[in-house]
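What follows is the content of work.txt, which has compact mmCIF, C-alpha atoms and all ligand atoms:
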```txt
# COMPACT_ATOMS: atom_id res chain seq x y z
CA MET A 1 -21.81 -13.80 20.86
CA ASP A 2 -24.80 -15.64 19.41
CA SER A 3 -26.76 -14.75 16.27
CA SER A 4 -29.32 -12.75 18.24
CA GLU A 5 -26.65 -10.54 19.81
CA PHE A 6 -24.87 -10.36 16.43
CA ARG A 7 -28.05 -8.93 14.88
CA ASP A 8 -28.11 -6.15 17.50
CA ARG A 9 -24.37 -5.46 17.49
CA GLY A 10 -24.24 -5.67 13.70
CA LYS A 11 -26.92 -2.99 13.39
CA GLU A 12 -25.07 -0.87 15.92
CA MET A 13 -21.86 -1.32 13.97
CA VAL A 14 -23.52 -0.30 10.70
CA ASP A 15 -24.85 2.80 12.49
CA TYR A 16 -21.39 3.48 13.91
CA ILE A 17 -19.84 3.19 10.43
CA ALA A 18 -22.50 5.42 8.83
CA ASP A 19 -22.08 8.02 11.62
CA TYR A 20 -18.30 7.82 11.22
CA MET A 21 -18.58 8.48 7.48
CA ASP A 22 -21.17 11.24 7.89
CA THR A 23 -19.12 13.14 10.48
CA LEU A 24 -15.65 12.31 9.19
CA SER A 25 -14.99 15.82 7.93
CA LEU A 26 -15.27 17.10 11.53
CA ARG A 27 -12.32 15.02 12.67
CA ARG A 28 -8.63 15.89 12.34
CA VAL A 29 -7.11 14.03 9.39
CA THR A 30 -3.93 12.97 11.21
CA PRO A 31 -3.73 11.92 14.85
CA GLU A 32 -1.82 13.90 17.47
CA VAL A 33 -0.17 10.98 19.19
CA GLU A 34 3.40 9.90 19.89
CA PRO A 35 4.81 6.41 19.30
CA GLY A 36 3.67 4.08 22.08
CA TYR A 37 0.56 6.16 22.89
CA LEU A 38 -1.66 3.10 22.95
CA ARG A 39 0.36 1.30 25.62
CA ASP A 40 -0.80 3.88 28.16
CA LEU A 41 -4.45 3.45 27.21
CA LEU A 42 -4.78 -0.33 27.13
CA PRO A 43 -3.98 -2.99 29.72
CA SER A 44 -0.66 -4.77 29.29
CA ARG A 45 -2.25 -8.23 29.55
CA ALA A 46 -5.11 -9.84 27.61
CA PRO A 47 -8.35 -10.05 29.63
CA ARG A 48 -8.71 -13.40 31.40
CA LYS A 49 -12.47 -13.44 30.92
CA GLY A 50 -14.38 -12.28 27.87
CA GLU A 51 -15.58 -8.69 27.99
CA ASN A 52 -18.86 -7.06 27.16
CA PHE A 53 -19.13 -5.76 23.58
CA THR A 54 -20.24 -2.32 24.76
CA ALA A 55 -16.97 -2.00 26.69
CA ILE A 56 -14.98 -2.94 23.58
CA MET A 57 -16.84 -0.39 21.45
CA LYS A 58 -16.26 2.31 24.09
CA ASP A 59 -12.53 1.78 23.66
CA ILE A 60 -12.82 2.44 19.93
CA GLU A 61 -13.52 6.13 20.51
CA ARG A 62 -11.40 6.37 23.67
CA ALA A 63 -8.24 4.59 22.47
CA ILE A 64 -8.28 3.56 18.83
CA MET A 65 -9.78 6.55 16.98
CA PRO A 66 -7.29 9.01 18.52
CA GLY A 67 -4.54 7.04 16.76
CA ILE A 68 -6.27 6.70 13.39
CA THR A 69 -5.22 8.59 10.27
CA HIS A 70 -8.49 9.10 8.44
CA TRP A 71 -7.72 8.00 4.89
CA GLN A 72 -11.36 8.49 3.89
CA HIS A 73 -11.41 12.10 5.13
CA PRO A 74 -12.20 14.62 2.38
CA ASN A 75 -8.99 16.50 3.30
CA PHE A 76 -6.74 13.45 3.18
CA HIS A 77 -4.33 13.99 0.29
CA ALA A 78 -1.34 11.85 1.29
CA TYR A 79 0.13 8.78 -0.42
CA PHE A 80 -2.45 7.59 -2.98
CA PRO A 81 -6.26 7.52 -2.95
CA ALA A 82 -7.73 4.75 -0.82
CA GLY A 83 -10.81 3.53 -2.66
CA ASN A 84 -13.91 2.72 -0.67
CA SER A 85 -17.69 2.72 -0.91
CA TYR A 86 -20.65 1.36 1.02
CA PRO A 87 -21.27 -1.52 -1.42
CA SER A 88 -17.61 -2.51 -1.06
CA ILE A 89 -17.86 -2.50 2.74
CA LEU A 90 -21.03 -4.59 2.55
CA GLY A 91 -19.37 -7.01 0.12
CA ASP A 92 -16.44 -7.38 2.52
CA MET A 93 -18.85 -7.99 5.39
CA LEU A 94 -20.52 -10.82 3.52
CA SER A 95 -17.16 -12.22 2.47
CA ALA A 96 -16.08 -12.25 6.13
CA ALA A 97 -19.26 -14.05 7.10
CA ILE A 98 -18.97 -16.67 4.36
CA GLY A 99 -15.36 -17.00 5.50
CA CYS A 100 -14.32 -19.35 2.72
CA ILE A 101 -10.72 -19.84 1.68
CA GLY A 102 -10.83 -20.15 -2.10
CA PHE A 103 -7.49 -21.72 -2.90
CA SER A 104 -9.02 -24.19 -5.37
CA TRP A 105 -12.25 -24.45 -7.31
CA ALA A 106 -13.38 -27.28 -5.03
CA ALA A 107 -12.63 -25.25 -1.90
CA SER A 108 -15.52 -22.96 -2.84
CA PRO A 109 -16.67 -22.98 -6.50
CA ALA A 110 -18.49 -19.62 -6.46
CA CYS A 111 -15.40 -17.94 -5.08
CA THR A 112 -13.31 -18.95 -8.11
CA GLU A 113 -16.09 -18.53 -10.67
CA LEU A 114 -17.20 -15.09 -9.51
CA GLU A 115 -13.57 -13.97 -9.61
CA ILE A 116 -13.25 -15.09 -13.23
CA ILE A 117 -16.52 -13.40 -14.23
CA THR A 118 -15.95 -10.06 -12.47
CA LEU A 119 -12.39 -9.87 -13.76
CA ASP A 120 -13.68 -10.54 -17.26
CA TRP A 121 -16.08 -7.64 -16.76
CA VAL A 122 -13.22 -5.30 -15.91
CA GLY A 123 -10.94 -6.36 -18.73
CA LYS A 124 -11.11 -9.52 -20.75
CA SER A 125 -8.61 -12.02 -19.39
CA ILE A 126 -7.56 -10.15 -16.28
CA ILE A 127 -6.75 -13.30 -14.46
CA SER A 128 -6.76 -13.14 -10.73
CA THR A 129 -7.04 -10.97 -7.64
CA TYR A 130 -4.16 -10.37 -5.27
CA GLY A 131 -3.63 -8.54 -2.00
CA SER A 132 -1.40 -5.82 -3.39
CA ALA A 133 0.51 -4.49 -6.38
CA SER A 134 3.71 -5.62 -4.66
CA GLU A 135 2.44 -9.18 -4.76
CA CYS A 136 1.47 -8.94 -8.46
CA ILE A 137 4.91 -7.60 -9.38
CA LEU A 138 6.71 -10.27 -7.37
CA VAL A 139 4.57 -12.99 -8.93
CA ALA A 140 5.30 -11.62 -12.43
CA LEU A 141 9.03 -11.50 -11.67
CA LEU A 142 8.97 -15.08 -10.35
CA ALA A 143 7.16 -16.28 -13.48
CA ALA A 144 9.66 -14.44 -15.70
CA ARG A 145 12.56 -15.85 -13.68
CA HIS A 146 11.19 -19.36 -13.99
CA THR A 147 10.72 -18.95 -17.76
CA ALA A 148 14.26 -17.61 -18.17
CA MET A 149 15.78 -20.32 -16.00
CA ARG A 150 13.93 -23.03 -17.94
CA GLN A 151 15.25 -21.69 -21.25
CA LEU A 152 18.78 -21.41 -19.83
CA LYS A 153 18.68 -24.95 -18.41
CA ASN A 154 17.76 -26.22 -21.87
CA ARG A 155 20.75 -24.43 -23.39
CA PHE A 156 23.22 -25.12 -20.57
CA PRO A 157 22.04 -28.31 -18.83
CA PHE A 158 25.30 -28.81 -16.91
CA ILE A 159 25.57 -25.34 -15.44
CA GLU A 160 24.49 -24.92 -11.81
CA ASP A 161 21.18 -23.09 -11.21
CA GLY A 162 22.93 -20.75 -8.78
CA LEU A 163 25.41 -19.63 -11.41
CA LEU A 164 22.67 -19.04 -13.99
CA LEU A 165 20.61 -17.11 -11.43
CA SER A 166 23.57 -14.87 -10.64
CA LYS A 167 23.59 -13.73 -14.29
CA LEU A 168 19.95 -12.64 -14.44
CA VAL A 169 19.24 -8.93 -14.53
CA ALA A 170 15.94 -7.01 -14.39
CA TYR A 171 15.15 -3.36 -15.17
CA SER A 172 12.80 -0.60 -14.21
CA SER A 173 12.94 3.17 -14.32
CA LYS A 174 14.28 5.16 -11.38
CA LEU A 175 10.70 6.19 -10.72
CA ALA A 176 9.32 2.65 -10.39
CA HIS A 177 7.71 1.91 -7.04
CA SER A 178 10.02 0.54 -4.34
CA CYS A 179 8.13 -2.76 -4.46
CA VAL A 180 9.83 -3.46 -7.81
CA GLU A 181 13.22 -3.25 -6.13
CA LYS A 182 11.89 -5.44 -3.34
CA ALA A 183 10.65 -8.05 -5.85
CA GLY A 184 14.24 -8.16 -7.17
CA MET A 185 15.54 -8.64 -3.61
CA ILE A 186 13.12 -11.46 -2.88
CA GLY A 187 13.68 -13.01 -6.31
CA PHE A 188 17.46 -12.83 -5.73
CA VAL A 189 18.16 -11.10 -9.05
CA LYS A 190 20.01 -7.94 -9.99
CA MET A 191 17.75 -4.94 -10.56
CA ARG A 192 18.91 -1.92 -12.58
CA GLN A 193 17.10 1.37 -12.26
CA LEU A 194 17.28 3.33 -15.50
CA ASP A 195 17.14 7.07 -16.19
CA VAL A 196 13.98 8.72 -17.43
CA ASP A 197 13.52 11.50 -20.00
CA GLU A 198 12.35 15.07 -19.35
CA LYS A 199 8.78 13.79 -19.02
CA TYR A 200 9.88 11.27 -16.36
CA SER A 201 9.29 8.44 -18.83
CA LEU A 202 11.46 5.37 -19.44
CA ARG A 203 12.27 5.24 -23.16
CA GLY A 204 13.14 2.32 -25.42
CA GLN A 205 16.60 3.55 -26.33
CA VAL A 206 17.70 3.80 -22.69
CA LEU A 207 16.53 0.24 -22.08
CA ASP A 208 18.11 -1.00 -25.28
CA ASN A 209 21.48 0.53 -24.33
CA ALA A 210 21.34 -0.97 -20.82
CA ILE A 211 20.50 -4.43 -22.17
CA GLU A 212 23.31 -4.26 -24.71
CA GLU A 213 25.78 -3.14 -22.04
CA ASP A 214 24.74 -5.96 -19.71
CA ARG A 215 24.88 -8.61 -22.40
CA ARG A 216 28.45 -7.50 -23.11
CA LEU A 217 29.21 -8.08 -19.42
CA GLY A 218 27.84 -11.62 -19.69
CA LEU A 219 24.60 -10.89 -17.89
CA ILE A 220 21.18 -12.20 -18.96
CA PRO A 221 18.35 -9.62 -19.13
CA PHE A 222 15.03 -11.33 -18.34
CA PHE A 223 12.50 -8.86 -16.87
CA VAL A 224 11.43 -5.24 -17.27
CA CYS A 225 8.86 -3.49 -15.12
CA GLY A 226 7.39 -0.44 -16.85
CA THR A 227 5.06 1.88 -14.97
CA LEU A 228 1.87 3.54 -16.13
CA GLY A 229 1.31 6.25 -13.52
CA THR A 230 4.44 6.46 -11.36
CA THR A 231 3.99 6.99 -7.64
CA ALA A 232 6.07 10.16 -7.52
CA CYS A 233 4.45 12.15 -10.33
CA CYS A 234 2.07 9.88 -12.27
CA SER A 235 4.32 9.81 -15.33
CA PHE A 236 3.99 7.13 -17.99
CA ASP A 237 6.80 4.93 -19.31
CA ASN A 238 6.78 4.53 -23.07
CA ILE A 239 5.28 1.06 -23.22
CA GLN A 240 5.30 1.06 -27.02
CA GLU A 241 9.07 1.58 -27.18
CA ILE A 242 10.11 -0.57 -24.26
CA GLY A 243 7.70 -3.31 -25.37
CA GLU A 244 9.42 -3.46 -28.74
CA VAL A 245 12.81 -3.80 -27.05
CA CYS A 246 11.49 -6.53 -24.75
CA ALA A 247 9.99 -8.45 -27.68
CA LYS A 248 13.28 -8.20 -29.64
CA GLU A 249 15.33 -9.27 -26.61
CA ASN A 250 12.97 -12.01 -25.40
CA VAL A 251 12.50 -10.26 -22.06
CA TRP A 252 9.31 -10.40 -19.95
CA LEU A 253 7.58 -7.01 -19.77
CA HIS A 254 5.43 -6.37 -16.73
CA VAL A 255 3.39 -3.15 -16.59
CA ASP A 256 2.66 -1.74 -13.15
CA ALA A 257 -0.43 0.43 -13.51
CA ALA A 258 -1.37 0.27 -9.82
CA TYR A 259 -3.22 3.61 -9.83
CA ALA A 260 -3.60 4.79 -13.44
CA GLY A 261 -4.66 1.38 -14.74
CA ASN A 262 -8.12 1.95 -13.26
CA ALA A 263 -8.67 4.82 -15.68
CA MET A 264 -8.41 2.37 -18.59
CA ILE A 265 -12.10 1.61 -18.06
CA CYS A 266 -12.62 5.00 -19.81
CA PRO A 267 -12.05 4.82 -23.58
CA GLU A 268 -10.41 8.28 -23.66
CA PHE A 269 -7.49 7.03 -21.52
CA GLN A 270 -6.89 3.79 -23.36
CA HIS A 271 -4.36 5.39 -25.72
CA LEU A 272 -1.99 5.25 -22.73
CA LEU A 273 -1.96 1.48 -23.22
CA LYS A 274 -0.43 1.83 -26.69
CA GLY A 275 2.03 -1.01 -27.23
CA ILE A 276 0.52 -3.13 -24.44
CA GLU A 277 0.35 -6.10 -26.83
CA ASN A 278 4.05 -6.66 -26.10
CA ALA A 279 3.48 -6.83 -22.33
CA ASN A 280 3.46 -10.22 -20.65
CA SER A 281 1.61 -9.03 -17.57
CA LEU A 282 -0.11 -6.00 -16.07
CA ASN A 283 -1.54 -5.10 -12.68
CA PHE A 284 -3.76 -2.44 -11.21
CA ASN A 285 -5.28 -1.84 -7.80
CA THR A 286 -9.04 -1.37 -7.79
CA ASN A 287 -8.56 -0.34 -4.16
CA LYS A 288 -6.75 2.75 -5.38
CA TRP A 289 -9.32 4.19 -7.72
CA LEU A 290 -12.31 1.97 -8.39
CA GLN A 291 -14.27 2.47 -5.17
CA VAL A 292 -13.23 -0.91 -3.80
CA ASN A 293 -11.73 -0.99 -0.32
CA PHE A 294 -8.32 -2.55 0.35
CA ASP A 295 -7.38 -5.22 -0.72
CA CYS A 296 -8.11 -5.92 -4.36
CA SER A 297 -5.29 -5.84 -6.93
CA LEU A 298 -6.03 -7.28 -10.34
CA MET A 299 -3.44 -8.91 -12.54
CA TRP A 300 -3.52 -9.93 -16.17
CA VAL A 301 -0.99 -12.31 -17.70
CA LYS A 302 -0.55 -13.26 -21.34
CA ASP A 303 0.69 -16.79 -20.77
CA ASN A 304 -0.88 -18.17 -17.64
CA GLU A 305 1.14 -21.36 -17.97
CA ALA A 306 4.33 -19.38 -17.38
CA LEU A 307 2.78 -18.32 -14.09
CA THR A 308 1.35 -21.62 -12.99
CA THR A 309 4.42 -23.69 -13.86
CA ALA A 310 6.49 -21.28 -11.78
CA LEU A 311 4.20 -21.53 -8.76
CA THR A 312 2.56 -24.96 -8.76
CA VAL A 313 3.10 -27.34 -5.89
CA ASP A 314 0.33 -29.89 -5.80
CA PRO A 315 0.09 -32.05 -2.67
CA LEU A 316 -2.44 -34.86 -2.67
CA TYR A 317 -4.58 -33.30 0.06
CA LEU A 318 -5.34 -30.25 -2.13
CA GLN A 319 -6.20 -32.14 -5.29
CA HIS A 320 -9.82 -32.69 -6.34
CA LYS A 321 -11.71 -34.46 -9.11
CA HIS A 322 -12.35 -31.28 -11.14
CA GLY A 323 -8.67 -30.24 -11.16
CA ASP A 324 -8.34 -30.73 -14.94
CA LYS A 325 -11.35 -28.52 -15.85
CA ALA A 326 -11.44 -25.90 -13.11
CA ILE A 327 -9.05 -23.10 -12.22
CA ASP A 328 -7.29 -23.48 -8.89
CA PHE A 329 -6.06 -20.02 -7.97
CA ARG A 330 -3.60 -21.40 -5.45
CA HIS A 331 -1.30 -21.99 -8.46
CA TRP A 332 -1.50 -18.34 -9.54
CA GLY A 333 0.15 -16.68 -6.57
CA ILE A 334 2.11 -17.07 -3.36
CA PRO A 335 -0.42 -17.73 -0.57
CA LEU A 336 -2.49 -20.86 -0.49
CA SER A 337 -5.40 -19.27 1.36
CA ARG A 338 -7.25 -16.58 -0.55
CA ARG A 339 -9.99 -14.20 0.51
CA PHE A 340 -13.26 -13.96 -1.43
CA ARG A 341 -12.27 -10.55 -2.86
CA ALA A 342 -14.37 -10.81 -5.98
CA ILE A 343 -17.57 -10.41 -4.00
CA LYS A 344 -16.86 -6.80 -3.05
CA LEU A 345 -15.74 -6.03 -6.60
CA TRP A 346 -19.01 -7.58 -7.83
CA PHE A 347 -21.06 -5.50 -5.38
CA VAL A 348 -19.27 -2.33 -6.46
CA ILE A 349 -19.52 -2.92 -10.22
CA ARG A 350 -23.19 -3.87 -9.97
CA THR A 351 -24.08 -0.94 -7.75
CA TYR A 352 -22.36 1.79 -9.78
CA GLY A 353 -22.17 0.15 -13.20
CA LEU A 354 -19.24 0.89 -15.47
CA GLU A 355 -20.72 4.33 -16.15
CA GLY A 356 -20.76 5.21 -12.47
CA LEU A 357 -17.16 4.11 -12.03
CA GLN A 358 -16.09 6.00 -15.16
CA HIS A 359 -17.87 9.10 -13.91
CA ARG A 360 -15.89 9.06 -10.64
CA ILE A 361 -12.57 8.75 -12.50
CA ARG A 362 -13.46 11.51 -14.97
CA GLU A 363 -14.50 13.77 -12.11
CA HIS A 364 -11.15 13.26 -10.34
CA VAL A 365 -9.28 14.07 -13.54
CA ARG A 366 -11.45 17.14 -14.14
CA LEU A 367 -10.75 18.39 -10.62
CA ALA A 368 -7.00 17.78 -11.02
CA LYS A 369 -6.98 19.81 -14.25
CA LEU A 370 -8.96 22.58 -12.58
CA PHE A 371 -6.52 22.63 -9.66
CA LYS A 372 -3.60 22.76 -12.10
CA LYS A 373 -5.14 25.82 -13.77
CA LEU A 374 -5.57 27.53 -10.41
CA VAL A 375 -1.95 26.84 -9.46
CA GLU A 376 -0.81 28.22 -12.82
CA THR A 377 -2.50 31.53 -12.09
CA ASP A 378 -0.20 32.05 -9.08
CA ASP A 379 3.44 32.84 -9.97
CA ARG A 380 4.72 31.63 -6.63
CA PHE A 381 4.20 28.05 -7.81
CA GLU A 382 5.16 25.91 -10.74
CA ILE A 383 3.69 22.64 -11.95
CA MET A 384 6.03 19.65 -12.17
CA GLY A 385 5.33 17.00 -14.79
CA GLU A 386 2.14 16.51 -16.74
CA VAL A 387 -1.31 16.27 -15.23
CA THR A 388 -2.85 13.23 -16.86
CA MET A 389 -4.81 11.64 -14.03
CA GLY A 390 -5.80 12.87 -10.57
CA LEU A 391 -2.34 13.84 -9.32
CA VAL A 392 -0.96 17.38 -9.54
CA CYS A 393 2.69 17.94 -8.55
CA PHE A 394 3.57 21.56 -7.85
CA ARG A 395 6.28 23.41 -5.95
CA LEU A 396 7.28 26.85 -4.81
CA GLN A 397 9.25 28.73 -7.48
N1 LIG A 401 3.07 0.57 -7.88
C1 LIG A 401 2.69 1.85 -7.90
C2 LIG A 401 2.81 2.65 -9.17
C3 LIG A 401 2.17 2.44 -6.73
O1 LIG A 401 1.79 3.73 -6.74
C4 LIG A 401 2.06 1.66 -5.55
C5 LIG A 401 1.54 2.23 -4.29
O2 LIG A 401 1.38 3.39 -4.13
C6 LIG A 401 2.49 0.33 -5.59
C7 LIG A 401 2.97 -0.18 -6.77
C8 LIG A 401 2.43 -0.56 -4.39
O3 LIG A 401 1.12 -0.94 -4.15
P1 LIG A 401 0.73 -1.99 -3.02
O4 LIG A 401 0.70 -1.23 -1.77
O5 LIG A 401 -0.62 -2.49 -3.45
O6 LIG A 401 1.76 -3.07 -3.01
```

Could you write out this file's structure as C-alpha cells?
Ligand code: PLP
Amino acid sequence: MDSSEFRDRGKEMVDYIADYMDTLSLRRVTPEVEPGYLRDLLPSRAPRKGENFTAIMKDIERAIMPGITHWQHPNFHAYFPAGNSYPSILGDMLSAAIGCIGFSWAASPACTELEIITLDWVGKSIISTYGSASECILVALLAARHTAMRQLKNRFPFIEDGLLLSKLVAYSSKLAHSCVEKAGMIGFVKMRQLDVDEKYSLRGQVLDNAIEEDRRLGLIPFFVCGTLGTTACCSFDNIQEIGEVCAKENVWLHVDAAYAGNAMICPEFQHLLKGIENANSLNFNTNKWLQVNFDCSLMWVKDNEALTTALTVDPLYLQHKHGDKAIDFRHWGIPLSRRFRAIKLWFVIRTYGLEGLQHRIREHVRLAKLFKKLVETDDRFEIMGEVTMGLVCFRLQ
C-alpha cells in the first residue's frame, strides 16, 4: 500500500469507524458465536500472495464483527467502562503513524516530554504511563520489594537473598483486584487478603493486627495495596487509617484507584483521597473513565528513585549524552519499548478540557444515583454497598 492508496483507504476506514459508532446501538451487544467459530470462516493457511484491501474489509463484517462484543455499545454494562472518544482514536492513529518507541528521551524527545507535561496536567507529579493497572501494581510491588530487600541486606549482610525474600509479606483487602494477587505471584512474595468492614472497606485496625501477627511469626511486612473503588462494588479502603499503619510500620502503601481515581479531577470527590500523603504510589486508568481508549494507565510515585533503582539495567547501546538531565522511561517500568500514549491523552484533554472531562464523570455519577433511587422504589430489589461513583450494585430481595 502506498501513500496514495493509504489516503483513500484511510478515509474509508474513518467512514467505517464513524458509521460503526453511529449505528452501534442497532447491533447486538454480545455475539452469538461458539468457541472456534472463526476457524470455519477463515482459511487455515496464510495467503501466499498479498490480498486486495477491499477483500480484507469485506471480511470484517462477514467474519470479525459477528464475534465482537461491542464494549462501546450504549447497552454494554459488563466489567468496567471502556473509555473512548474520537479525539482519542485520532491521537492513537497519529501515534501509530509516528511509530516511535519512546524508551529513552533520546529515542524520541517529544514522546517523553509530552508524557511529563500531560501527566502534570492531570495531577502534579503523576509520573508515567503504563499499559494497565496490573502493570502499575506489579511495578509498585517490585519497587517496594527492592526497597525492603536493600534495607534487609544492610541489616543482615550475610543472610541469603532467597531466605530474606521468603519472609516478605504483602497485604490487600479481600476485595482487591485479582491483579494484586498476581503481582504477589510474579514478585514471589506472600500475599495476605484481609477482611473488610460492613462498608466493604479495609480498616487500619485489621491491617495493624495482621502485621503484628506476622511479625510475631518472623515475617517481614513490606507492601500494602489499598483500593479506591473496588472492582466488585466500588467500595473505598480507609486510606487515612491504613496509611498511618503503613507509615508506622515502614511499609510501602500503593493505592489502586484504577476506576475511581479518574473522578479525583473533580474537587467534590477529592475527600476520598484523605490520607493519601502516606501513600508511596497510586495508579488510575484513564482508559476506564477519562474518555481515553485502551491503553493508558497513569501512575504516581512518591520516591521515583525507589522505582528506578529497582528497575534500571543500563546497557551501553541504550545510553545517550543527555542521560543525566533527561528522563528515560525505560527505567520506570518493565518493557523497554513504550508506545506514545501521551499523544492520545493530550488530544483528549485539549479537546474536552478539564471541564468537559469533569462533566462526563459528574453525569455518570448523577445517573448512577438516579438509578439507585429508581431501584429503591421497587421492593423486589435491594441496593448493596454505597453508590459513590458510577456503579450501582443491587440484587433481588
Ligand atoms: N484494579 C481495579 C480496581 C480494577 O477495577 C481493575 C480492572 O477492572 C484492575 C485493577 C485491573 O486493570 P487492568 O486491566 O488495567 O490491569

Next on the checklist: Please determine, counting only C-alpha atoms, which residue among A:His73, A:His331, A:His254, A:Lys302 has the shortest atom-to-atom distance to Asp314 of chain A.
Outcome noted: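 Nearest candidate to Asp314 of chain A out of A:His73, A:His331, A:His254, A:Lys302: A:His331.
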
Checklist entry - Between A:Thr112, A:Asn293, A:Thr388, A:Ser172, which one has atoms that come closest to Gly229 of chain A, using only C-alpha atoms? => result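 Using only C-alpha atoms, the shortest distance to Gly229 of chain A belongs to A:Thr388.
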
Item to check | Close residues, His322 of chain A itself excluded, 9 Å, only C-alpha atoms, min 5 positions apart in chain, as a ChimeraX atom specification | outcome: /A:105-106,327

Item to check | ligand LIG 401 (chain A) neighbours within 7 Å using only C-alpha atoms and all ligand atoms, as a PyMOL selection string | outcome: chain A and resi 79-80+131-135+176-177+179+227+229-231+256-259+285+297

Item to check | Distance query Leu168 of chain A at most 7 Å, only C-alpha atoms, self and fewer than 4 positions along chain excluded, as a list in words | outcome: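 Answer for this query is Leu164, Val189, Lys190, Leu219, Ile220, Pro221 and Phe222 of chain A.
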
List as CSV every residue of segment 89-126 of chain A that is in contact with segment 343-361 of chain A, defined as an atom at most 8 Å from one of its atoms (using all atoms listed in the file), together with the nearest atom pair and the distance in Å rounded to one decimal, sorted by chain and then rising number.
```
residue,atom,partner,partner_atom,distance
A:Ile89,CA,A:Lys344,CA,7.3
A:Leu90,CA,A:Lys344,CA,7.3
A:Gly91,CA,A:Lys344,CA,4.0
A:Asp92,CA,A:Lys344,CA,5.6
A:Ser95,CA,A:Ile343,CA,6.7
A:Cys111,CA,A:Ile343,CA,7.9
A:Leu114,CA,A:Ile343,CA,7.2
A:Glu115,CA,A:Ile343,CA,7.8
A:Thr118,CA,A:Trp346,CA,6.1
```

Next on the checklist: Using Å and a single decimal, report how far atom CA of Arg192 of chain A sits from atom CA of Gln205 of chain A.
Outcome noted: 15.0 Å

Test item: residues at most 8 Å from Ile276 of chain A, only C-alpha atoms, excluding those fewer than 6 positions along its chain, as a compact mmCIF listing (two decimals) with C-alpha atoms, keeping the file's coordinate frame:
```txt
# COMPACT_ATOMS: atom_id res chain seq x y z
CA ILE A 239 5.28 1.06 -23.22
CA GLN A 240 5.30 1.06 -27.02
CA GLY A 243 7.70 -3.31 -25.37
```

Next on the checklist: List as a ChimeraX atom specification the protein and nucleic acid residues near Trp300 of chain A, meaning an atom at most 10 Å away when only C-alpha atoms are counted, but skip any in the same chain fewer than 2 places from it.
Outcome noted: /A:119,123-129,136,140,254-255,279-284,298,302-304

Would you save the residues from that selection as a PDB file, keeping the file's coordinate frame, using C-alpha atoms?
```pdb
ATOM      1  CA  LEU A 119     -12.390  -9.870 -13.760  1.00  0.00           C
ATOM      2  CA  GLY A 123     -10.940  -6.360 -18.730  1.00  0.00           C
ATOM      3  CA  LYS A 124     -11.110  -9.520 -20.750  1.00  0.00           C
ATOM      4  CA  SER A 125      -8.610 -12.020 -19.390  1.00  0.00           C
ATOM      5  CA  ILE A 126      -7.560 -10.150 -16.280  1.00  0.00           C
ATOM      6  CA  ILE A 127      -6.750 -13.300 -14.460  1.00  0.00           C
ATOM      7  CA  SER A 128      -6.760 -13.140 -10.730  1.00  0.00           C
ATOM      8  CA  THR A 129      -7.040 -10.970  -7.640  1.00  0.00           C
ATOM      9  CA  CYS A 136       1.470  -8.940  -8.460  1.00  0.00           C
ATOM     10  CA  ALA A 140       5.300 -11.620 -12.430  1.00  0.00           C
ATOM     11  CA  HIS A 254       5.430  -6.370 -16.730  1.00  0.00           C
ATOM     12  CA  VAL A 255       3.390  -3.150 -16.590  1.00  0.00           C
ATOM     13  CA  ALA A 279       3.480  -6.830 -22.330  1.00  0.00           C
ATOM     14  CA  ASN A 280       3.460 -10.220 -20.650  1.00  0.00           C
ATOM     15  CA  SER A 281       1.610  -9.030 -17.570  1.00  0.00           C
ATOM     16  CA  LEU A 282      -0.110  -6.000 -16.070  1.00  0.00           C
ATOM     17  CA  ASN A 283      -1.540  -5.100 -12.680  1.00  0.00           C
ATOM     18  CA  PHE A 284      -3.760  -2.440 -11.210  1.00  0.00           C
ATOM     19  CA  LEU A 298      -6.030  -7.280 -10.340  1.00  0.00           C
ATOM     20  CA  LYS A 302      -0.550 -13.260 -21.340  1.00  0.00           C
ATOM     21  CA  ASP A 303       0.690 -16.790 -20.770  1.00  0.00           C
ATOM     22  CA  ASN A 304      -0.880 -18.170 -17.640  1.00  0.00           C
TER      23      ASN A 304
END
```

Item to check | Selected residue of minimal separation from Ala247 of chain A among A:Gly204, A:Glu268, A:Phe53, A:Gly323, counting all atoms listed in the file | outcome: A:Gly204

Next on the checklist: Env of Pro43 of chain A: 12 Å cut, atoms = only C-alpha atoms, seq-sep filter 4 positions within chain, self excluded. Answer as a VMD selection string.
Outcome noted: chain A and resid 38 to 39 47 to 48 59 63

Item to check | Neighbour residues at most 12 Å from (2.4, -22.3, -20.1) (all atoms listed in the file) as a PyMOL selection string | outcome: chain A and resi 143-144+146-147+150+301-312+332

Item to check | Of the listed residues A:Ile137, A:Leu273, A:Leu207, A:Cys266, that which approaches Val245 of chain A most closely, counting all atoms listed in the file | outcome: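 With all atoms listed in the file as the atom set, the closest residue is A:Leu207.
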
Item to check | Distance of atom CA of Glu113 of chain A from atom CA of Asp328 of chain A, expressed in Å to one decimal place | outcome: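 Computing the Euclidean distance for atom CA of Asp328 of chain A and atom CA of Glu113 of chain A yields 10.3 Å.
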
Checklist entry - When you draw a straight line from atom CA of Leu318 of chain A to atom CA of Gly102 of chain A, how long is it in Å? => result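 Separating atom CA of Leu318 of chain A from atom CA of Gly102 of chain A is a distance of 11.5 Å.
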
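With only C-alpha atoms as the atoms that count, the residue of A:Leu175, A:Met389, A:Val122, A:Leu396 with the shortest distance to Glu376 of chain A is A:Leu396.
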
Item to check | Which of A:Tyr317, A:Tyr16, A:Phe371, A:Tyr171 sits closest to Trp252 of chain A [using all atoms listed in the file] | outcome: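 Of the candidates, the smallest distance to Trp252 of chain A is held by A:Tyr171.
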